[in-house]
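Presented below is the structure to which this report refers.
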Amino acid sequence: MEERMNEENAEEVMLLEDNIRRLQAEVAELQRQRHSFKEDLSQPMRDALSLLCGHTPQGGAHEVLSSLREEVEQLKEDLRHQSRMNGISLRSCTSRTLQSGSTKAVQMCVSGQCSELEFQVEFQLSEVKKGERPEKMVNSLNVVMGAGALDNFSSFLSGVEESRDLLLFFRTLRTFADRMDERRRTFQHFQAKYPNVVCVPGGCSSSMLTLHHPHLPGCTLLVHWFVDVTKEGKVAPKVDLLTKIPNRALQLFPSRAVDGAAEAFRGLTRLLGPEAALEEVVRAAGLITDD
């Protein structure tokens with residue numbers, strides 16, 4: 001009986017020893033794989049750290065770095081070319097993927113500048129399968145503009161956010177910025193050309209220019225240049241001439257001539273354009289004399 005128990009114990013001991021040897025072999029294999037894995041990663045990690053620290057990499061890593069630098073420079077040049085073509089410069093662009101069940105969408109936020117107008121556009125883009133070809137669709141659109149454009153642009157923004165027409169926004173923004181630049185350049189031109197007559201109280205980016213008669217104190221012509229934008233994205237300048245003449249000075253002018261000044265100026269604007277029309281007003285009102 002005792003001899004049988006000793007035999008069973010010996011078998012269990014041998015089984016345990018076999019298990020121990022097998023586990024030791026597995027541990028040794030894992031350690032070997034770990035060491036090999038570290039060796040495989042060590043050189044790429046050293047190269048990556050060298051690049052981050054500004055050291056010159058060795059071997060093929062140097063060629064990869066040169067290629068990446070060339071690619072980045074090419075992308076920068078492409079971006080500058082696009083900015084020159086469309087007049088829009090982007091400062092930042094972030095994206096975030098949204099997953100809801102089987103529907104995937106991308107939340108985008110783009111900020112930049114078009115001339116002096118700053119903007120930030122947030123929109124959600126999703127892919128909808130129509131027939132064989134999937135189509136991208138804008139689900140939501142929110143536009144934030146700089147304070148300088150809100151008075152002229154707010155009604156259009158409401159419409160474009162409702163229609164989620166991203167292309168219409170950027171196309172109209174460029175046209176609107178061009179008309180604003182035209183007004184600013186014209187005001188700068190007249191202020192520099194006739195400094196004793198022309199005044200721009202709110203700066204050349206404002207919508208008001210005043211013409212003061214040098215020999216008739218209190219007689220002022222007010223030019224209000226408004227850039228109108230419809231909800232459909234049509235951009236057009238509206239330039240009006242207002243007169244500010246004291247009662248005593250009105251006795252020197254026929255009332256019909258004063259009352260018709262605004263309508264005549266609108267006709268000149270349609271015929272000659274705003275800048276040439278302003279030049280005619282300056283000369284016709286006797287604000288300057290030819291040499």
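Please note that chains go A, B, ... in the order of the structure tokens, that every chain numbers its residues from 1, and that ligands are numbered from 1 in the order shown.
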task: Write out as a PyMOL selection string all residues of region 138-236 of chain A that DSSP puts in helix (DSSP H, G or I) for this structure's backbone.
output: chain A and resi 147-163+166-193
**Prompt:** Closest to Ser111 (chain A) among A:Gly273, A:Gly159, A:Gly146, A:Pro237, using only C-alpha atoms?
**Reply:**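 Result for the nearest residue to Ser111 (chain A): A:Gly146.
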I need the strand (DSSP E) residues of region 204-250 of chain A per DSSP on the backbone, written as a list in words.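 Selecting the strand (DSSP E) positions of region 204-250 of chain A gives Met208, Leu209, Thr210, Leu211, His212, Thr220, Leu221, Leu222, Val223, His224, Trp225, Phe226, Val227, Asp228, Val229, Val235, Ala236, Pro237, Lys238, Val239, Asp240, Leu241, Leu242, Thr243 and Lys244 of chain A.
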Shortest contact to Ile245 (chain A), candidates A:Arg21, A:Arg84, A:His212, A:Arg184, atoms counted only C-alpha atoms, goes to A:His212
Could you name the residues that touch Leu90 (chain A) at 7 Å or less, counting only C-alpha atoms, but leaving out those on the same chain fewer than 2 positions away, as a count of residues only?
5
